[in-house]
file model.csv (CSV, C-alpha atoms)
chain,number,residue,atom,x,y,z
A,61,MET,CA,46.8,-16.0,22.0
A,62,ILE,CA,45.7,-14.9,25.4
A,63,PHE,CA,45.7,-18.5,26.5
A,64,ILE,CA,49.4,-19.0,25.4
A,65,VAL,CA,50.5,-15.8,27.1
A,66,THR,CA,48.8,-16.9,30.3
A,67,LEU,CA,50.4,-20.3,30.0
A,68,VAL,CA,53.9,-18.8,29.6
A,69,ILE,CA,53.4,-16.4,32.6
A,70,THR,CA,52.1,-19.3,34.7
A,71,GLU,CA,55.1,-21.4,33.7
A,72,ILE,CA,57.5,-18.6,34.7
A,73,GLY,CA,55.7,-18.2,38.0
A,74,ILE,CA,56.1,-21.8,38.8
A,75,PHE,CA,59.7,-22.1,37.7
A,76,PHE,CA,61.1,-18.8,39.1
A,77,PRO,CA,61.0,-19.8,42.9
A,78,TYR,CA,62.9,-23.0,42.1
A,79,LEU,CA,65.4,-21.1,40.0
A,80,ILE,CA,66.1,-18.8,42.9
A,81,SER,CA,66.5,-21.6,45.4
A,82,MET,CA,68.2,-23.9,42.9
A,83,ASP,CA,66.0,-26.7,44.2
A,84,PHE,CA,64.2,-28.4,41.4
A,85,SER,CA,62.9,-31.4,43.3
A,86,GLY,CA,59.3,-30.3,43.5
A,87,TYR,CA,59.2,-28.5,40.2
A,88,LEU,CA,58.1,-31.4,38.0
A,89,SER,CA,55.3,-32.6,40.3
A,90,ASN,CA,53.9,-29.0,40.7
A,91,VAL,CA,54.0,-28.5,36.9
A,92,LEU,CA,52.2,-31.7,36.2
A,93,LEU,CA,49.6,-31.0,38.8
A,94,ILE,CA,48.9,-27.5,37.6
A,95,HIS,CA,48.9,-28.6,34.0
A,96,TYR,CA,46.4,-31.4,34.9
A,97,TYR,CA,43.9,-29.0,36.5
A,98,GLY,CA,44.5,-26.5,33.7
A,99,LEU,CA,43.8,-29.0,31.0
A,100,LYS,CA,40.7,-30.2,33.0
A,101,TYR,CA,39.5,-26.6,33.2
A,102,ILE,CA,40.0,-26.1,29.5
A,103,ILE,CA,38.1,-29.3,28.6
A,104,VAL,CA,35.2,-28.5,30.9
A,105,SER,CA,35.0,-24.9,29.6
A,106,PHE,CA,35.0,-26.2,26.1
A,107,PHE,CA,32.1,-28.6,26.7
A,108,VAL,CA,30.2,-25.9,28.6
A,109,TYR,CA,30.6,-23.6,25.7
A,110,LEU,CA,29.3,-26.2,23.3
A,111,LEU,CA,26.3,-26.9,25.5
A,112,VAL,CA,25.4,-23.2,25.8
A,113,ASP,CA,25.8,-22.8,22.1
A,114,PHE,CA,23.6,-25.8,21.4
A,115,ILE,CA,20.9,-24.7,23.8
A,116,SER,CA,20.9,-21.1,22.6
A,117,GLY,CA,20.9,-22.2,18.9
A,118,GLY,CA,18.0,-24.6,19.5
A,119,PHE,CA,16.1,-21.9,21.4
A,120,LYS,CA,16.6,-19.5,18.5
A,121,LYS,CA,15.5,-22.0,16.0
A,122,HIS,CA,12.5,-22.9,18.1
A,123,THR,CA,11.6,-19.2,18.4
A,124,ILE,CA,11.9,-18.6,14.6
A,125,ASN,CA,9.7,-21.6,13.9
A,126,TYR,CA,7.2,-20.6,16.5
A,127,THR,CA,7.0,-17.0,15.0
A,128,LYS,CA,6.6,-18.4,11.5
A,129,GLN,CA,3.9,-20.8,12.6
A,130,ARG,CA,2.0,-18.0,14.4
A,131,LEU,CA,2.2,-15.9,11.2
A,132,MET,CA,0.9,-18.8,9.1
A,133,ASP,CA,-2.0,-19.3,11.5
A,134,LYS,CA,-2.9,-15.6,11.3
A,135,SER,CA,-2.7,-15.8,7.5
A,136,LYS,CA,-5.0,-18.8,7.4
A,137,LYS,CA,-7.4,-17.1,9.8
A,138,HIS,CA,-7.6,-14.1,7.5
A,139,LEU,CA,-8.2,-16.3,4.5
A,140,LEU,CA,-11.1,-17.9,6.3
A,141,GLU,CA,-12.5,-14.4,6.9
A,142,LEU,CA,-12.3,-13.8,3.2
A,143,GLY,CA,-14.4,-16.9,2.4
A,144,TYR,CA,-11.8,-19.6,1.9
A,145,GLN,CA,-12.6,-23.1,3.3
A,146,GLN,CA,-10.5,-24.8,6.0
A,147,GLU,CA,-9.9,-27.8,3.8
A,148,ASP,CA,-8.5,-25.5,1.1
A,149,LEU,CA,-5.7,-24.2,3.3
A,150,LYS,CA,-3.7,-27.4,3.7
A,151,LEU,CA,0.0,-27.0,3.5
A,152,PRO,CA,2.6,-27.9,2.3
A,153,GLN,CA,1.7,-27.4,-1.3
A,154,GLU,CA,0.5,-30.3,-3.4
A,155,GLU,CA,3.1,-32.1,-5.6
A,156,PRO,CA,1.7,-31.0,-9.0
A,157,LEU,CA,1.7,-27.3,-7.9
A,158,SER,CA,5.3,-27.5,-6.6
A,159,LYS,CA,6.5,-28.6,-10.1
A,160,LYS,CA,4.7,-25.7,-11.8
A,161,GLU,CA,6.7,-22.7,-12.8
A,162,GLY,CA,5.9,-19.7,-10.6
A,163,ILE,CA,5.3,-17.3,-13.5
A,164,HIS,CA,2.2,-19.3,-14.5
A,165,VAL,CA,1.0,-19.5,-10.9
A,166,PHE,CA,1.2,-15.7,-10.5
A,167,PHE,CA,-0.2,-14.9,-13.9
A,168,GLU,CA,-3.2,-17.1,-13.3
A,169,ALA,CA,-3.8,-15.5,-9.9
A,170,LEU,CA,-3.5,-12.0,-11.3
A,171,GLY,CA,-6.9,-10.3,-11.9
A,172,GLU,CA,-8.8,-12.8,-9.7
A,173,SER,CA,-10.8,-11.7,-6.6
A,174,ASN,CA,-10.9,-13.4,-3.2
A,175,PRO,CA,-11.9,-16.1,-2.6
A,176,ASN,CA,-10.4,-17.8,-5.6
A,177,ASP,CA,-8.5,-21.0,-6.3
A,178,ASN,CA,-5.8,-19.3,-8.4
A,179,ILE,CA,-5.0,-16.9,-5.5
A,180,LEU,CA,-5.0,-19.8,-3.1
A,181,ASP,CA,-2.6,-21.6,-5.4
A,182,ALA,CA,-0.2,-18.6,-5.3
A,183,PHE,CA,-0.4,-18.7,-1.5
A,184,ARG,CA,0.3,-22.4,-1.5
A,185,PHE,CA,3.2,-21.9,-4.0
A,186,LEU,CA,4.9,-19.5,-1.6
A,187,ASN,CA,4.2,-21.8,1.3
A,188,ALA,CA,4.6,-18.9,3.8
A,189,GLY,CA,2.6,-16.7,6.1
A,190,PHE,CA,1.9,-13.0,5.4
A,191,ARG,CA,1.1,-9.8,7.1
A,192,TYR,CA,-1.9,-8.1,5.7
A,193,GLU,CA,-2.4,-4.3,5.8
A,194,LYS,CA,-5.3,-2.0,4.9
A,195,ILE,CA,-4.4,0.9,2.7
A,196,THR,CA,-6.6,3.9,2.2
A,197,ASN,CA,-6.1,6.0,-0.9
A,198,SER,CA,-8.5,8.9,-1.7
A,199,GLY,CA,-11.0,7.4,0.7
A,200,VAL,CA,-10.9,4.0,-1.0
A,201,GLU,CA,-9.7,1.1,1.1
A,202,SER,CA,-7.7,-1.7,-0.3
A,203,GLU,CA,-5.5,-4.5,1.0
A,204,CYS,CA,-2.0,-5.9,0.6
A,205,TRP,CA,-0.4,-9.1,1.7
A,206,ARG,CA,3.3,-8.8,2.7
A,207,PHE,CA,5.3,-12.0,2.7
A,208,LEU,CA,8.2,-10.4,4.4
A,209,ASP,CA,10.3,-13.5,4.9
A,210,THR,CA,9.8,-14.7,1.3
A,211,GLY,CA,10.2,-11.3,-0.3
A,212,VAL,CA,6.8,-11.1,-2.0
A,213,GLU,CA,3.9,-8.6,-1.9
A,214,PHE,CA,0.3,-9.1,-3.2
A,215,GLU,CA,-1.6,-5.9,-4.0
A,216,PHE,CA,-5.4,-5.9,-4.1
A,217,ASP,CA,-7.9,-3.3,-5.2
A,218,ALA,CA,-11.0,-2.1,-3.4
A,219,GLU,CA,-13.0,-5.1,-4.8
A,220,SER,CA,-10.4,-7.6,-3.4
A,221,MET,CA,-9.0,-8.2,-6.9
A,222,LEU,CA,-5.3,-9.1,-7.1
A,223,LYS,CA,-4.0,-6.3,-9.2
A,224,GLY,CA,-0.2,-6.6,-8.6
A,225,ILE,CA,2.5,-9.0,-7.4
A,226,ILE,CA,6.0,-7.9,-6.5
A,227,LEU,CA,9.0,-10.3,-6.0
A,228,PHE,CA,12.0,-8.6,-4.4
A,229,ILE,CA,15.0,-10.3,-5.8
A,230,LYS,CA,17.3,-8.1,-3.7
A,231,LYS,CA,16.5,-7.4,-0.1
A,232,GLN,CA,14.6,-4.2,0.3
A,233,GLN,CA,13.5,-2.5,3.5
A,234,ASP,CA,11.4,-5.0,5.5
A,235,PHE,CA,11.4,-7.6,2.7
A,236,GLN,CA,13.9,-10.5,2.5
A,237,SER,CA,15.1,-11.4,-0.9
A,238,TYR,CA,13.0,-13.8,-3.0
A,239,LEU,CA,15.0,-17.0,-3.0
A,240,TYR,CA,13.0,-19.1,-5.5
A,241,VAL,CA,13.9,-17.4,-8.7
A,242,LYS,CA,14.8,-20.7,-10.3
A,243,ASN,CA,11.3,-22.0,-9.7
A,244,LEU,CA,9.8,-18.9,-11.2
A,245,ILE,CA,11.0,-19.4,-14.8
A,246,LEU,CA,13.1,-22.3,-16.0
A,247,GLY,CA,16.6,-20.9,-16.7
A,248,LEU,CA,16.2,-17.7,-14.7
A,249,ARG,CA,18.8,-16.9,-12.1
A,250,GLU,CA,19.4,-14.1,-9.6
A,251,GLU,CA,22.4,-13.1,-11.7
A,252,SER,CA,20.5,-13.0,-15.0
A,253,ASN,CA,20.9,-9.7,-16.9
A,254,SER,CA,18.4,-8.0,-19.1
A,255,LYS,CA,19.6,-9.7,-22.3
A,256,GLU,CA,19.2,-13.1,-20.7
A,257,VAL,CA,15.8,-12.3,-19.4
A,258,GLU,CA,14.7,-11.1,-22.9
A,259,LYS,CA,15.7,-14.5,-24.4
A,260,LEU,CA,13.8,-16.4,-21.8
A,261,MET,CA,10.6,-14.2,-22.2
A,262,VAL,CA,10.7,-14.6,-26.0
A,263,SER,CA,11.1,-18.4,-25.6
A,264,LEU,CA,7.9,-18.4,-23.4
A,265,GLY,CA,6.0,-16.7,-26.1
A,266,LEU,CA,5.4,-13.4,-24.2
A,267,GLN,CA,5.0,-10.2,-26.3
A,268,SER,CA,7.8,-7.8,-25.7
A,269,VAL,CA,6.7,-4.2,-24.8
A,270,ASP,CA,10.3,-3.1,-24.2
A,271,ILE,CA,13.5,-4.7,-23.0
A,272,THR,CA,12.2,-5.1,-19.4
A,273,THR,CA,8.4,-5.4,-19.9
A,274,TYR,CA,6.5,-8.3,-21.4
A,275,LYS,CA,2.8,-8.9,-22.0
A,276,LEU,CA,0.5,-11.9,-21.9
A,277,ASN,CA,-3.0,-10.9,-22.9
A,278,ASN,CA,-3.9,-8.1,-20.6
A,279,LYS,CA,-1.3,-9.0,-18.0
A,280,PHE,CA,2.3,-7.7,-17.7
A,281,ILE,CA,5.5,-8.7,-16.1
A,282,VAL,CA,8.3,-6.2,-15.5
A,283,PHE,CA,11.9,-6.9,-14.7
A,284,GLN,CA,13.6,-4.0,-12.9
A,285,PHE,CA,17.4,-3.8,-13.1
A,286,ASP,CA,19.8,-1.4,-11.5
A,287,SER,CA,22.6,0.6,-13.2
A,288,ASN,CA,24.8,-2.5,-13.1
A,289,ASP,CA,22.2,-4.6,-15.0
A,290,GLU,CA,21.5,-6.6,-11.9
A,291,LEU,CA,17.9,-7.8,-11.2
A,292,GLN,CA,16.3,-5.9,-8.4
A,293,PHE,CA,12.6,-7.0,-8.4
A,294,ILE,CA,10.0,-8.5,-10.7
A,295,ARG,CA,6.5,-7.1,-10.9
A,296,PHE,CA,3.3,-8.6,-12.3
A,297,TYR,CA,0.4,-6.2,-13.0
A,298,LEU,CA,-2.8,-5.7,-15.0
A,299,GLU,CA,-3.2,-3.5,-17.9
call {"tool": "encode", "arguments": {"input": "model.csv", "output": "structure tokens"}}
result
Amino acid sequence: MIFIVTLVITEIGIFFPYLISMDFSGYLSNVLLIHYYGLKYIIVSFFVYLLVDFISGGFKKHTINYTKQRLMDKSKKHLLELGYQQEDLKLPQEEPLSKKEGIHVFFEALGESNPNDNILDAFRFLNAGFRYEKITNSGVESECWRFLDTGVEFEFDAESMLKGIILFIKKQQDFQSYLYVKNLILGLREESNSKEVEKLMVSLGLQSVDITTYKLNNKFIVFQFDSNDELQFIRFYLE
């Protein structure tokens, strides 16, 4: 819009002197000349804009990838400190694991203590780095792994046993939303309501505790819904 207004004003500015003098002999050549340089300016400006946008976008992408890689490196370093072996930390995940439903991966990891292959499989399944934090409660120190970009949190007890896993289906505070719901349980969607979840859990053979909580041996999975029956988060925990 601004460009059109500017063009009209420029056109009037060119034409007005010729209108006053009633001499139009130089009008056409001046118009063509000005339009030529104007068009040239627009084309150059457009390509400069594209170039700047491309460079800034590439830089942003590079920065994000660099940050994620640094986080992954820190995560692997922490796993080595916990007793895992370097050859165990190869990513991306192996093909058989990627085809395995997440609910089984997380259930198998639950109740295990570091270092452990099932916990390692859960880490591989997420295929992302985490921030680890020490938590002190009543003088007892425990640890949690926060996969902020993936929307997952691992909770460990004082003995380094994995006691809880939370998947944030909706973005909450520092956590992005968990985007791999379809890989968690076959048939589960972000839009699934409590009735649909109940049918899925029954089909998997889990024991129903109530409409949102299901049990497998001494391990539980809870689906938290809001007032609109929209899934907010999923939590795995021990009895």
call {"tool": "closest_residue", "arguments": {"input": "model.csv", "among": "A:Met261, A:Ile179, A:Leu149, A:Leu248", "to": "A:Glu215", "atoms": "all atoms listed in the file"}}
result
A:Ile179
call {"tool": "residues_near_point", "arguments": {"input": "model.csv", "point": "(6.7, -22.0, -9.6)", "cutoff": "6 Å", "atoms": "all atoms listed in the file", "output": "list of chain:residue names"}}
result
A:Lys160, A:Glu161, A:Gly162, A:Asn243, A:Leu244
call {"tool": "closest_residue", "arguments": {"input": "model.csv", "among": "A:Tyr192, A:Arg130, A:Phe293, A:Phe167", "to": "A:Leu266", "atoms": "only C-alpha atoms"}}
result
A:Phe167
call {"tool": "residues_around", "arguments": {"input": "model.csv", "residues": "A:Lys231", "least_positions_apart": "5", "cutoff": "9 Å", "atoms": "only C-alpha atoms", "output": "short mmCIF file (atom, residue, chain, number, x, y, z; two decimals) with C-alpha atoms, in the coordinates of the input"}}
result
data_model
loop_
_atom_site.label_atom_id
_atom_site.label_comp_id
_atom_site.auth_asym_id
_atom_site.auth_seq_id
_atom_site.Cartn_x
_atom_site.Cartn_y
_atom_site.Cartn_z
CA GLY A 211 10.20 -11.30 -0.30
CA GLN A 236 13.90 -10.50 2.50
CA SER A 237 15.10 -11.40 -0.90
CA TYR A 238 13.00 -13.80 -3.00
CA GLN A 292 16.30 -5.90 -8.40
#
call {"tool": "atom_distance", "arguments": {"input": "model.csv", "atom1": "atom CA of A:Ile294", "atom2": "atom CA of A:Glu219"}}
result
24.0 Å
call {"tool": "atom_distance", "arguments": {"input": "model.csv", "atom1": "atom CA of A:Ile271", "atom2": "atom CA of A:Phe283"}}
result
8.7 Å
call {"tool": "closest_residue", "arguments": {"input": "model.csv", "among": "A:Phe166, A:Phe185, A:Tyr144, A:Trp205", "to": "A:Leu131", "atoms": "all atoms listed in the file"}}
result
A:Trp205
call {"tool": "closest_residue", "arguments": {"input": "model.csv", "among": "A:Arg206, A:Lys128, A:Lys223, A:Lys255", "to": "A:Asn174", "atoms": "all atoms listed in the file"}}
result
A:Lys223
call {"tool": "closest_residue", "arguments": {"input": "model.csv", "among": "A:Ala188, A:Ile281, A:Met221, A:Leu140", "to": "A:Cys204", "atoms": "only C-alpha atoms"}}
result
A:Met221
call {"tool": "closest_residue", "arguments": {"input": "model.csv", "among": "A:Asp217, A:Asp289, A:Glu251, A:Glu203", "to": "A:Gly171", "atoms": "all atoms listed in the file"}}
result
A:Asp217
call {"tool": "residues_around", "arguments": {"input": "model.csv", "residues": "A:Val212", "least_positions_apart": "6", "cutoff": "8 Å", "atoms": "only C-alpha atoms", "output": "list of chain:residue names"}}
result
A:Arg206, A:Ile225, A:Ile226, A:Leu227, A:Phe228, A:Phe235, A:Tyr238
call {"tool": "residues_around", "arguments": {"input": "model.csv", "residues": "A:Gln145", "least_positions_apart": "3", "cutoff": "12 Å", "atoms": "all atoms listed in the file", "output": "PDB file with C-alpha atoms, in the frame of the given file"}}
result
ATOM      1  CA  LYS A 136      -5.000 -18.800   7.400  1.00  0.00           C
ATOM      2  CA  LYS A 137      -7.400 -17.100   9.800  1.00  0.00           C
ATOM      3  CA  HIS A 138      -7.600 -14.100   7.500  1.00  0.00           C
ATOM      4  CA  LEU A 139      -8.200 -16.300   4.500  1.00  0.00           C
ATOM      5  CA  LEU A 140     -11.100 -17.900   6.300  1.00  0.00           C
ATOM      6  CA  GLU A 141     -12.500 -14.400   6.900  1.00  0.00           C
ATOM      7  CA  LEU A 142     -12.300 -13.800   3.200  1.00  0.00           C
ATOM      8  CA  ASP A 148      -8.500 -25.500   1.100  1.00  0.00           C
ATOM      9  CA  LEU A 149      -5.700 -24.200   3.300  1.00  0.00           C
ATOM     10  CA  LYS A 150      -3.700 -27.400   3.700  1.00  0.00           C
ATOM     11  CA  ASN A 174     -10.900 -13.400  -3.200  1.00  0.00           C
ATOM     12  CA  PRO A 175     -11.900 -16.100  -2.600  1.00  0.00           C
ATOM     13  CA  ASN A 176     -10.400 -17.800  -5.600  1.00  0.00           C
ATOM     14  CA  ASP A 177      -8.500 -21.000  -6.300  1.00  0.00           C
ATOM     15  CA  LEU A 180      -5.000 -19.800  -3.100  1.00  0.00           C
TER      16      LEU A 180
END
call {"tool": "residues_near_point", "arguments": {"input": "model.csv", "point": "(3.7, -17.0, 7.4)", "cutoff": "8 Å", "atoms": "all atoms listed in the file", "output": "PyMOL selection string"}}
result
chain A and resi 128-135+187-191+207+209
call {"tool": "atom_distance", "arguments": {"input": "model.csv", "atom1": "atom CA of A:Asp270", "atom2": "atom CA of A:Lys242"}}
result
22.9 Å
call {"tool": "residues_around", "arguments": {"input": "model.csv", "residues": "A:Gly265", "least_positions_apart": "3", "cutoff": "12 Å", "atoms": "only C-alpha atoms", "output": "list in words"}}
result
Glu258, Lys259, Leu260, Met261, Val262, Ser268, Tyr274, Lys275, Leu276 and Asn277 of chain A
call {"tool": "decode", "arguments": {"input": "model.csv", "residues": "stretch 165-198 of chain A", "atoms": "N, CA and C atoms", "output": "CSV table (one decimal), in the first residue's frame"}}
result
chain,number,residue,atom,x,y,z
A,165,VAL,N,8.3,-49.3,26.6
A,165,VAL,CA,9.7,-48.8,26.9
A,165,VAL,C,9.7,-48.2,28.2
A,166,PHE,N,8.7,-47.3,28.5
A,166,PHE,CA,8.7,-46.6,29.8
A,166,PHE,C,8.3,-47.5,30.9
A,167,PHE,N,7.4,-48.4,30.7
A,167,PHE,CA,7.1,-49.4,31.8
A,167,PHE,C,8.3,-50.2,32.2
A,168,GLU,N,9.0,-50.7,31.2
A,168,GLU,CA,10.2,-51.5,31.5
A,168,GLU,C,11.3,-50.7,32.2
A,169,ALA,N,11.4,-49.4,31.9
A,169,ALA,CA,12.4,-48.6,32.6
A,169,ALA,C,12.0,-48.3,34.0
A,170,LEU,N,10.7,-48.2,34.2
A,170,LEU,CA,10.3,-47.8,35.6
A,170,LEU,C,10.7,-48.8,36.6
A,171,GLY,N,11.2,-48.4,37.7
A,171,GLY,CA,11.6,-49.2,38.8
A,171,GLY,C,13.0,-49.7,38.7
A,172,GLU,N,13.7,-49.4,37.6
A,172,GLU,CA,15.1,-49.8,37.4
A,172,GLU,C,16.0,-48.7,38.0
A,173,SER,N,17.3,-49.1,38.3
A,173,SER,CA,18.2,-48.1,38.8
A,173,SER,C,19.4,-48.0,37.9
A,174,ASN,N,20.0,-46.8,37.8
A,174,ASN,CA,21.1,-46.5,36.9
A,174,ASN,C,22.4,-47.2,37.5
A,175,PRO,N,23.2,-47.7,36.5
A,175,PRO,CA,23.0,-47.8,35.1
A,175,PRO,C,22.2,-49.1,34.8
A,176,ASN,N,21.3,-48.9,33.8
A,176,ASN,CA,20.4,-50.0,33.4
A,176,ASN,C,20.0,-50.0,31.9
A,177,ASP,N,20.0,-51.1,31.3
A,177,ASP,CA,19.7,-51.1,29.8
A,177,ASP,C,18.3,-50.6,29.5
A,178,ASN,N,17.3,-50.8,30.4
A,178,ASN,CA,15.9,-50.4,30.1
A,178,ASN,C,15.8,-48.8,30.2
A,179,ILE,N,16.5,-48.3,31.2
A,179,ILE,CA,16.6,-46.8,31.3
A,179,ILE,C,17.3,-46.2,30.1
A,180,LEU,N,18.3,-46.9,29.7
A,180,LEU,CA,19.1,-46.5,28.5
A,180,LEU,C,18.2,-46.5,27.2
A,181,ASP,N,17.4,-47.6,27.2
A,181,ASP,CA,16.4,-47.7,26.0
A,181,ASP,C,15.4,-46.5,26.0
A,182,ALA,N,15.0,-46.1,27.2
A,182,ALA,CA,14.0,-45.0,27.3
A,182,ALA,C,14.7,-43.7,26.8
A,183,PHE,N,16.0,-43.5,27.2
A,183,PHE,CA,16.8,-42.4,26.7
A,183,PHE,C,16.9,-42.4,25.2
A,184,ARG,N,17.2,-43.6,24.7
A,184,ARG,CA,17.3,-43.7,23.2
A,184,ARG,C,16.0,-43.5,22.5
A,185,PHE,N,14.9,-44.0,23.1
A,185,PHE,CA,13.6,-43.8,22.5
A,185,PHE,C,13.3,-42.3,22.4
A,186,LEU,N,13.6,-41.5,23.4
A,186,LEU,CA,13.3,-40.1,23.3
A,186,LEU,C,14.3,-39.4,22.3
A,187,ASN,N,15.5,-39.9,22.2
A,187,ASN,CA,16.5,-39.4,21.3
A,187,ASN,C,16.7,-37.9,21.4
A,188,ALA,N,16.9,-37.5,22.7
A,188,ALA,CA,17.1,-36.1,23.0
A,188,ALA,C,17.9,-35.9,24.2
A,189,GLY,N,18.5,-34.8,24.3
A,189,GLY,CA,19.3,-34.5,25.5
A,189,GLY,C,18.4,-34.0,26.7
A,190,PHE,N,18.9,-34.0,27.9
A,190,PHE,CA,18.2,-33.6,29.0
A,190,PHE,C,19.0,-32.7,30.0
A,191,ARG,N,18.3,-31.9,30.8
A,191,ARG,CA,19.0,-31.2,31.9
A,191,ARG,C,18.7,-32.0,33.2
A,192,TYR,N,19.8,-32.3,33.9
A,192,TYR,CA,19.6,-33.0,35.1
A,192,TYR,C,19.7,-32.0,36.3
A,193,GLU,N,18.8,-32.3,37.3
A,193,GLU,CA,18.8,-31.4,38.5
A,193,GLU,C,18.8,-32.3,39.7
A,194,LYS,N,19.5,-31.8,40.8
A,194,LYS,CA,19.5,-32.5,42.1
A,194,LYS,C,18.4,-31.8,42.9
A,195,ILE,N,17.6,-32.7,43.5
A,195,ILE,CA,16.5,-32.2,44.4
A,195,ILE,C,16.8,-32.8,45.8
A,196,THR,N,16.7,-31.9,46.8
A,196,THR,CA,16.8,-32.3,48.2
A,196,THR,C,15.5,-32.1,48.9
A,197,ASN,N,15.0,-33.2,49.5
A,197,ASN,CA,13.8,-33.3,50.2
A,197,ASN,C,14.0,-33.9,51.5
A,198,SER,N,13.8,-33.2,52.6
A,198,SER,CA,14.0,-33.7,54.0
A,198,SER,C,15.4,-34.2,54.2
